[in-house]
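Listing of upload_29.cif; format and content: mmCIF, N, CA and C atoms and all ligand atoms.
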```
data_upload
#
loop_
_atom_site.group_PDB
_atom_site.id
_atom_site.type_symbol
_atom_site.label_atom_id
_atom_site.label_comp_id
_atom_site.auth_asym_id
_atom_site.auth_seq_id
_atom_site.Cartn_x
_atom_site.Cartn_y
_atom_site.Cartn_z
ATOM 1 N N MET E 1 112.646 151.958 107.574
ATOM 2 C CA MET E 1 112.077 152.851 106.553
ATOM 3 C C MET E 1 111.176 152.043 105.613
ATOM 4 N N THR E 2 109.968 152.520 105.433
ATOM 5 C CA THR E 2 109.030 151.849 104.539
ATOM 6 C C THR E 2 109.255 152.316 103.104
ATOM 7 N N ILE E 3 109.046 151.412 102.169
ATOM 8 C CA ILE E 3 109.104 151.808 100.763
ATOM 9 C C ILE E 3 107.688 151.804 100.203
ATOM 10 N N ILE E 4 107.310 152.899 99.594
ATOM 11 C CA ILE E 4 105.970 152.997 99.017
ATOM 12 C C ILE E 4 106.057 153.400 97.543
ATOM 13 N N ARG E 5 104.977 153.178 96.849
ATOM 14 C CA ARG E 5 104.896 153.593 95.457
ATOM 15 C C ARG E 5 104.896 155.115 95.396
ATOM 16 N N CYS E 6 105.621 155.661 94.443
ATOM 17 C CA CYS E 6 105.697 157.114 94.293
ATOM 18 C C CYS E 6 104.310 157.677 93.986
ATOM 19 N N ALA E 7 103.873 158.642 94.788
ATOM 20 C CA ALA E 7 102.540 159.221 94.620
ATOM 21 C C ALA E 7 102.472 160.129 93.393
ATOM 22 N N SER E 8 103.621 160.575 92.944
ATOM 23 C CA SER E 8 103.648 161.526 91.837
ATOM 24 C C SER E 8 103.525 160.828 90.475
ATOM 25 N N CYS E 9 104.269 159.733 90.293
ATOM 26 C CA CYS E 9 104.270 159.055 88.986
ATOM 27 C C CYS E 9 103.592 157.694 89.063
ATOM 28 N N ASP E 10 103.064 157.329 90.249
ATOM 29 C CA ASP E 10 102.350 156.070 90.441
ATOM 30 C C ASP E 10 103.189 154.851 90.060
ATOM 31 N N GLY E 11 104.476 154.914 90.372
ATOM 32 C CA GLY E 11 105.336 153.762 90.166
ATOM 33 C C GLY E 11 106.014 153.691 88.815
ATOM 34 N N PHE E 12 105.647 154.595 87.916
ATOM 35 C CA PHE E 12 106.244 154.529 86.581
ATOM 36 C C PHE E 12 107.690 155.027 86.574
ATOM 37 N N GLY E 13 107.972 156.022 87.403
ATOM 38 C CA GLY E 13 109.331 156.554 87.463
ATOM 39 C C GLY E 13 109.582 157.662 86.454
ATOM 40 N N TRP E 14 108.623 157.873 85.574
ATOM 41 C CA TRP E 14 108.809 158.911 84.552
ATOM 42 C C TRP E 14 107.459 159.350 84.025
ATOM 43 N N PHE E 15 107.464 160.451 83.334
ATOM 44 C CA PHE E 15 106.267 160.970 82.687
ATOM 45 C C PHE E 15 106.520 161.087 81.196
ATOM 46 N N GLU E 16 105.446 161.059 80.439
ATOM 47 C CA GLU E 16 105.569 161.314 79.013
ATOM 48 C C GLU E 16 105.049 162.719 78.766
ATOM 49 N N ASP E 17 105.875 163.543 78.148
ATOM 50 C CA ASP E 17 105.407 164.902 77.894
ATOM 51 C C ASP E 17 104.562 164.945 76.628
ATOM 52 N N GLU E 18 104.144 166.141 76.232
ATOM 53 C CA GLU E 18 103.164 166.243 75.147
ATOM 54 C C GLU E 18 103.707 165.798 73.798
ATOM 55 N N ILE E 19 105.024 165.756 73.657
ATOM 56 C CA ILE E 19 105.566 165.253 72.389
ATOM 57 C C ILE E 19 106.118 163.830 72.536
ATOM 58 N N GLY E 20 105.782 163.186 73.655
ATOM 59 C CA GLY E 20 106.094 161.766 73.791
ATOM 60 C C GLY E 20 107.465 161.444 74.342
ATOM 61 N N LEU E 21 108.157 162.450 74.856
ATOM 62 C CA LEU E 21 109.462 162.193 75.458
ATOM 63 C C LEU E 21 109.303 161.793 76.922
ATOM 64 N N GLY E 22 110.088 160.855 77.370
ATOM 65 C CA GLY E 22 110.054 160.442 78.763
ATOM 66 C C GLY E 22 110.876 161.376 79.623
ATOM 67 N N ILE E 23 110.274 161.812 80.731
ATOM 68 C CA ILE E 23 110.974 162.689 81.668
ATOM 69 C C ILE E 23 110.995 161.998 83.016
ATOM 70 N N ASP E 24 112.175 161.865 83.618
ATOM 71 C CA ASP E 24 112.265 161.237 84.928
ATOM 72 C C ASP E 24 111.431 161.992 85.950
ATOM 73 N N CYS E 25 110.753 161.245 86.799
ATOM 74 C CA CYS E 25 109.989 161.842 87.883
ATOM 75 C C CYS E 25 110.956 162.387 88.927
ATOM 76 N N ASP E 26 110.824 163.669 89.274
ATOM 77 C CA ASP E 26 111.786 164.219 90.237
ATOM 78 C C ASP E 26 111.393 163.930 91.684
ATOM 79 N N TRP E 27 110.174 163.418 91.904
ATOM 80 C CA TRP E 27 109.759 163.079 93.267
ATOM 81 C C TRP E 27 110.490 161.830 93.751
ATOM 82 N N CYS E 28 110.655 160.863 92.857
ATOM 83 C CA CYS E 28 111.284 159.596 93.243
ATOM 84 C C CYS E 28 112.627 159.404 92.544
ATOM 85 N N ALA E 29 113.095 160.421 91.828
ATOM 86 C CA ALA E 29 114.358 160.344 91.092
ATOM 87 C C ALA E 29 114.337 159.239 90.045
ATOM 88 N N GLY E 30 113.140 158.932 89.539
ATOM 89 C CA GLY E 30 113.036 157.974 88.450
ATOM 90 C C GLY E 30 112.908 156.524 88.892
ATOM 91 N N ALA E 31 112.925 156.289 90.202
ATOM 92 C CA ALA E 31 112.851 154.909 90.689
ATOM 93 C C ALA E 31 111.423 154.366 90.655
ATOM 94 N N GLY E 32 110.439 155.246 90.794
ATOM 95 C CA GLY E 32 109.046 154.805 90.864
ATOM 96 C C GLY E 32 108.602 154.514 92.287
ATOM 97 N N TYR E 33 109.549 154.460 93.190
ATOM 98 C CA TYR E 33 109.246 154.178 94.595
ATOM 99 C C TYR E 33 110.057 155.116 95.468
ATOM 100 N N VAL E 34 109.541 155.394 96.663
ATOM 101 C CA VAL E 34 110.225 156.294 97.586
ATOM 102 C C VAL E 34 110.204 155.699 98.992
ATOM 103 N N TYR E 35 111.138 156.132 99.802
ATOM 104 C CA TYR E 35 111.082 155.842 101.232
ATOM 105 C C TYR E 35 110.009 156.701 101.867
ATOM 106 N N GLN E 36 109.347 156.152 102.877
ATOM 107 C CA GLN E 36 108.470 156.980 103.688
ATOM 108 C C GLN E 36 108.938 156.856 105.125
ATOM 109 N N ASP E 37 109.286 157.994 105.734
ATOM 110 C CA ASP E 37 109.810 157.946 107.096
ATOM 111 C C ASP E 37 108.668 157.917 108.106
ATOM 112 N N ALA E 38 109.029 157.845 109.384
ATOM 113 C CA ALA E 38 108.031 157.683 110.443
ATOM 114 C C ALA E 38 107.045 158.842 110.494
ATOM 115 N N ALA E 39 107.466 160.002 110.016
ATOM 116 C CA ALA E 39 106.599 161.175 110.016
ATOM 117 C C ALA E 39 105.723 161.243 108.762
ATOM 118 N N GLY E 40 105.852 160.232 107.891
ATOM 119 C CA GLY E 40 105.022 160.199 106.697
ATOM 120 C C GLY E 40 105.567 161.012 105.548
ATOM 121 N N ARG E 41 106.835 161.407 105.658
ATOM 122 C CA ARG E 41 107.445 162.162 104.558
ATOM 123 C C ARG E 41 108.028 161.222 103.516
ATOM 124 N N ASP E 42 107.853 161.574 102.268
ATOM 125 C CA ASP E 42 108.431 160.793 101.180
ATOM 126 C C ASP E 42 109.842 161.285 100.877
ATOM 127 N N LEU E 43 110.763 160.343 100.704
ATOM 128 C CA LEU E 43 112.149 160.680 100.377
ATOM 129 C C LEU E 43 112.591 159.830 99.197
ATOM 130 N N PRO E 44 113.262 160.437 98.211
ATOM 131 C CA PRO E 44 113.773 159.614 97.106
ATOM 132 C C PRO E 44 114.749 158.567 97.640
ATOM 133 N N ILE E 45 114.740 157.402 97.035
ATOM 134 C CA ILE E 45 115.699 156.364 97.424
ATOM 135 C C ILE E 45 117.034 156.675 96.755
ATOM 136 N N PRO E 46 118.094 156.868 97.555
ATOM 137 C CA PRO E 46 119.401 157.188 96.948
ATOM 138 C C PRO E 46 119.861 156.039 96.048
ATOM 139 N N GLN E 47 120.508 156.392 94.950
ATOM 140 C CA GLN E 47 120.912 155.370 93.996
ATOM 141 C C GLN E 47 121.809 154.316 94.646
ATOM 142 N N GLN E 48 122.611 154.723 95.613
ATOM 143 C CA GLN E 48 123.501 153.754 96.252
ATOM 144 C C GLN E 48 122.749 152.753 97.126
ATOM 145 N N ASP E 49 121.473 153.056 97.417
ATOM 146 C CA ASP E 49 120.660 152.132 98.210
ATOM 147 C C ASP E 49 119.988 151.069 97.345
ATOM 148 N N TYR E 50 119.950 151.275 96.046
ATOM 149 C CA TYR E 50 119.190 150.366 95.182
ATOM 150 C C TYR E 50 119.546 148.894 95.378
ATOM 151 N N PRO E 51 120.838 148.548 95.430
ATOM 152 C CA PRO E 51 121.152 147.125 95.620
ATOM 153 C C PRO E 51 120.586 146.566 96.920
ATOM 154 N N HIS E 52 120.494 147.408 97.948
ATOM 155 C CA HIS E 52 120.031 146.942 99.251
ATOM 156 C C HIS E 52 118.517 146.743 99.290
ATOM 157 N N VAL E 53 117.800 147.476 98.463
ATOM 158 C CA VAL E 53 116.343 147.400 98.479
ATOM 159 C C VAL E 53 115.804 146.714 97.222
ATOM 160 N N ALA E 54 116.701 146.120 96.458
ATOM 161 C CA ALA E 54 116.318 145.563 95.156
ATOM 162 C C ALA E 54 115.187 144.549 95.263
ATOM 163 N N GLU E 55 115.299 143.647 96.234
ATOM 164 C CA GLU E 55 114.277 142.604 96.333
ATOM 165 C C GLU E 55 112.921 143.186 96.690
ATOM 166 N N GLU E 56 112.917 144.162 97.582
ATOM 167 C CA GLU E 56 111.654 144.786 97.971
ATOM 168 C C GLU E 56 111.054 145.549 96.785
ATOM 169 N N LEU E 57 111.909 146.243 96.040
ATOM 170 C CA LEU E 57 111.422 146.977 94.872
ATOM 171 C C LEU E 57 110.899 146.019 93.805
ATOM 172 N N GLU E 58 111.576 144.909 93.638
ATOM 173 C CA GLU E 58 111.111 143.916 92.651
ATOM 174 C C GLU E 58 109.728 143.411 93.030
ATOM 175 N N ALA E 59 109.525 143.154 94.329
ATOM 176 C CA ALA E 59 108.229 142.647 94.791
ATOM 177 C C ALA E 59 107.137 143.697 94.596
ATOM 178 N N LEU E 60 107.452 144.949 94.937
ATOM 179 C CA LEU E 60 106.484 146.034 94.754
ATOM 180 C C LEU E 60 106.153 146.215 93.282
ATOM 181 N N GLU E 61 107.177 146.109 92.451
ATOM 182 C CA GLU E 61 106.974 146.290 91.022
ATOM 183 C C GLU E 61 106.139 145.144 90.443
ATOM 184 N N ALA E 62 106.401 143.932 90.894
ATOM 185 C CA ALA E 62 105.628 142.784 90.409
ATOM 186 C C ALA E 62 104.157 142.956 90.777
ATOM 187 N N GLU E 63 103.927 143.466 91.993
ATOM 188 C CA GLU E 63 102.554 143.700 92.450
ATOM 189 C C GLU E 63 101.869 144.767 91.601
ATOM 190 N N ARG E 64 102.616 145.839 91.317
ATOM 191 C CA ARG E 64 102.063 146.930 90.505
ATOM 192 C C ARG E 64 101.715 146.440 89.102
ATOM 193 N N LEU E 65 102.614 145.642 88.530
ATOM 194 C CA LEU E 65 102.385 145.154 87.167
ATOM 195 C C LEU E 65 101.201 144.203 87.134
ATOM 196 N N ARG E 66 101.056 143.396 88.186
ATOM 197 C CA ARG E 66 99.891 142.508 88.258
ATOM 198 C C ARG E 66 98.611 143.325 88.279
ATOM 199 N N GLU E 67 98.619 144.416 89.060
ATOM 200 C CA GLU E 67 97.450 145.296 89.129
ATOM 201 C C GLU E 67 97.069 145.805 87.748
ATOM 202 N N MET E 68 98.079 146.090 86.942
ATOM 203 C CA MET E 68 97.829 146.635 85.614
ATOM 204 C C MET E 68 97.604 145.531 84.582
ATOM 205 N N GLY E 69 97.786 144.280 85.009
ATOM 206 C CA GLY E 69 97.557 143.174 84.095
ATOM 207 C C GLY E 69 98.704 142.919 83.138
ATOM 208 N N TYR E 70 99.909 143.387 83.527
ATOM 209 C CA TYR E 70 101.063 143.195 82.664
ATOM 210 C C TYR E 70 101.686 141.823 82.871
ATOM 211 N N GLN E 71 102.229 141.290 81.824
ATOM 212 C CA GLN E 71 103.038 140.069 81.920
ATOM 213 C C GLN E 71 104.523 140.414 81.887
ATOM 214 N N GLY E 72 104.824 141.594 81.444
ATOM 215 C CA GLY E 72 106.219 142.015 81.353
ATOM 216 C C GLY E 72 106.248 143.514 81.188
ATOM 217 N N ALA E 73 107.404 144.126 81.280
ATOM 218 C CA ALA E 73 107.457 145.575 81.175
ATOM 219 C C ALA E 73 108.868 146.032 80.853
ATOM 220 N N ALA E 74 108.945 147.270 80.433
ATOM 221 C CA ALA E 74 110.253 147.869 80.180
ATOM 222 C C ALA E 74 111.027 147.970 81.488
ATOM 223 N N LYS E 75 112.322 147.891 81.393
ATOM 224 C CA LYS E 75 113.154 147.978 82.585
ATOM 225 C C LYS E 75 113.256 149.411 83.062
ATOM 226 N N LYS E 76 113.306 149.548 84.381
ATOM 227 C CA LYS E 76 113.435 150.872 84.976
ATOM 228 C C LYS E 76 114.893 151.183 85.257
ATOM 229 N N PRO E 77 115.184 152.464 85.453
ATOM 230 C CA PRO E 77 116.580 152.844 85.721
ATOM 231 C C PRO E 77 117.188 152.090 86.889
ATOM 232 N N TRP E 78 116.437 151.894 87.966
ATOM 233 C CA TRP E 78 117.029 151.220 89.119
ATOM 234 C C TRP E 78 117.332 149.767 88.817
ATOM 235 N N GLN E 79 116.574 149.177 87.918
ATOM 236 C CA GLN E 79 116.856 147.784 87.573
ATOM 237 C C GLN E 79 118.142 147.691 86.767
ATOM 238 N N GLN E 80 118.326 148.675 85.893
ATOM 239 C CA GLN E 80 119.557 148.681 85.114
ATOM 240 C C GLN E 80 120.764 148.927 86.019
ATOM 241 N N GLN E 81 120.585 149.845 86.957
ATOM 242 C CA GLN E 81 121.654 150.164 87.896
ATOM 243 C C GLN E 81 122.038 148.924 88.709
ATOM 244 N N ILE E 82 121.028 148.201 89.149
ATOM 245 C CA ILE E 82 121.263 147.005 89.947
ATOM 246 C C ILE E 82 122.099 145.996 89.174
ATOM 247 N N ARG E 83 121.806 145.872 87.906
ATOM 248 C CA ARG E 83 122.509 144.866 87.101
ATOM 249 C C ARG E 83 124.005 145.091 87.083
ATOM 250 N N GLN E 84 124.394 146.353 87.234
ATOM 251 C CA GLN E 84 125.820 146.633 87.157
ATOM 252 C C GLN E 84 126.576 146.069 88.353
ATOM 253 N N ASP E 85 125.888 145.899 89.470
ATOM 254 C CA ASP E 85 126.598 145.572 90.705
ATOM 255 C C ASP E 85 126.244 144.218 91.308
ATOM 256 N N THR E 86 125.046 143.726 91.078
ATOM 257 C CA THR E 86 124.607 142.536 91.790
ATOM 258 C C THR E 86 123.881 141.582 90.858
ATOM 259 N N GLN E 87 123.535 140.448 91.397
ATOM 260 C CA GLN E 87 122.770 139.454 90.641
ATOM 261 C C GLN E 87 121.268 139.668 90.810
ATOM 262 N N LEU E 88 120.866 140.556 91.729
ATOM 263 C CA LEU E 88 119.451 140.666 92.086
ATOM 264 C C LEU E 88 118.595 141.147 90.933
ATOM 265 N N GLY E 89 119.183 141.970 90.055
ATOM 266 C CA GLY E 89 118.382 142.523 88.976
ATOM 267 C C GLY E 89 118.380 141.661 87.728
ATOM 268 N N ARG E 90 118.909 140.472 87.830
ATOM 269 C CA ARG E 90 118.992 139.609 86.657
ATOM 270 C C ARG E 90 117.593 139.351 86.097
ATOM 271 N N ASP E 91 117.445 139.509 84.790
ATOM 272 C CA ASP E 91 116.134 139.337 84.153
ATOM 273 C C ASP E 91 115.830 137.858 83.974
ATOM 274 N N PRO E 92 114.791 137.368 84.681
ATOM 275 C CA PRO E 92 114.481 135.928 84.572
ATOM 276 C C PRO E 92 114.021 135.532 83.177
ATOM 277 N N TYR E 93 113.639 136.517 82.361
ATOM 278 C CA TYR E 93 113.144 136.220 81.012
ATOM 279 C C TYR E 93 114.210 136.446 79.942
ATOM 280 N N ALA E 94 115.427 136.777 80.385
ATOM 281 C CA ALA E 94 116.469 137.134 79.430
ATOM 282 C C ALA E 94 116.674 136.030 78.393
ATOM 283 N N GLY E 95 116.521 134.786 78.820
ATOM 284 C CA GLY E 95 116.758 133.667 77.912
ATOM 285 C C GLY E 95 115.714 133.563 76.822
ATOM 286 N N ASP E 96 114.564 134.244 77.015
ATOM 287 C CA ASP E 96 113.482 134.154 76.036
ATOM 288 C C ASP E 96 113.604 135.213 74.957
ATOM 289 N N LYS E 97 114.485 136.188 75.206
ATOM 290 C CA LYS E 97 114.560 137.294 74.249
ATOM 291 C C LYS E 97 115.384 136.896 73.043
ATOM 292 N N GLN E 98 115.170 137.634 71.957
ATOM 293 C CA GLN E 98 115.896 137.326 70.729
ATOM 294 C C GLN E 98 117.140 138.182 70.614
HETATM 295 ZN ZN ZN Z 1 107.906 159.202 90.869
#
```
Render the structure in this file as structure tokens.
Amino acid sequence: MTIIRCASCDGFGWFEDEIGLGIDCDWCAGAGYVYQDAAGRDLPIPQQDYPHVAEELEALEAERLREMGYQGAAKKPWQQQIRQDTQLGRDPYAGDKQ
């Protein structure tokens, strides 16, 4: 199964409504990325799969942030979820924070 950037939210995982509230993207369930099957259909990545695809999502996210010229970014729901179970979501910059 291929993982691609969510076409609906363009990897953000959420939208900002007119009064500035964040709303989870329902196309990707807030992950910002979706599975694409052999028939080209997009499927949300189940939350229980996050630990298994964490490294691939991290790489995709790093690429997306580079495209936007970011040096850092807010954490996404899947990154927080990963932290609960594995070491993969560990923030390499955590030591720099106050
Ligand atoms: Zn989305």
(request) Produce as an MDAnalysis selection string the set of residues near ligand ZN 1 (chain Z), where near means within 5 Å with all atoms listed in the file considered. (result) chainID E and resid 6 8:9 13 25 27:28 32
(request) Determine the residue membership of the PyMOL selection byres (((chain E and resi 1 and name CA) around 9) and not hetatm and name CA) for the file above and supply it as number ranges by chain. (result) E: 2-3, 35-38
(request) Figure out the distance between atom CA of E:Met68 and atom CA of E:Ile23, please, to one decimal in Å. (result)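 Computing it gives 21.1 Å between the two atoms.
As for atom CA of E:Glu56 and atom CA of E:Gly22, they are spaced 24.8 Å apart.
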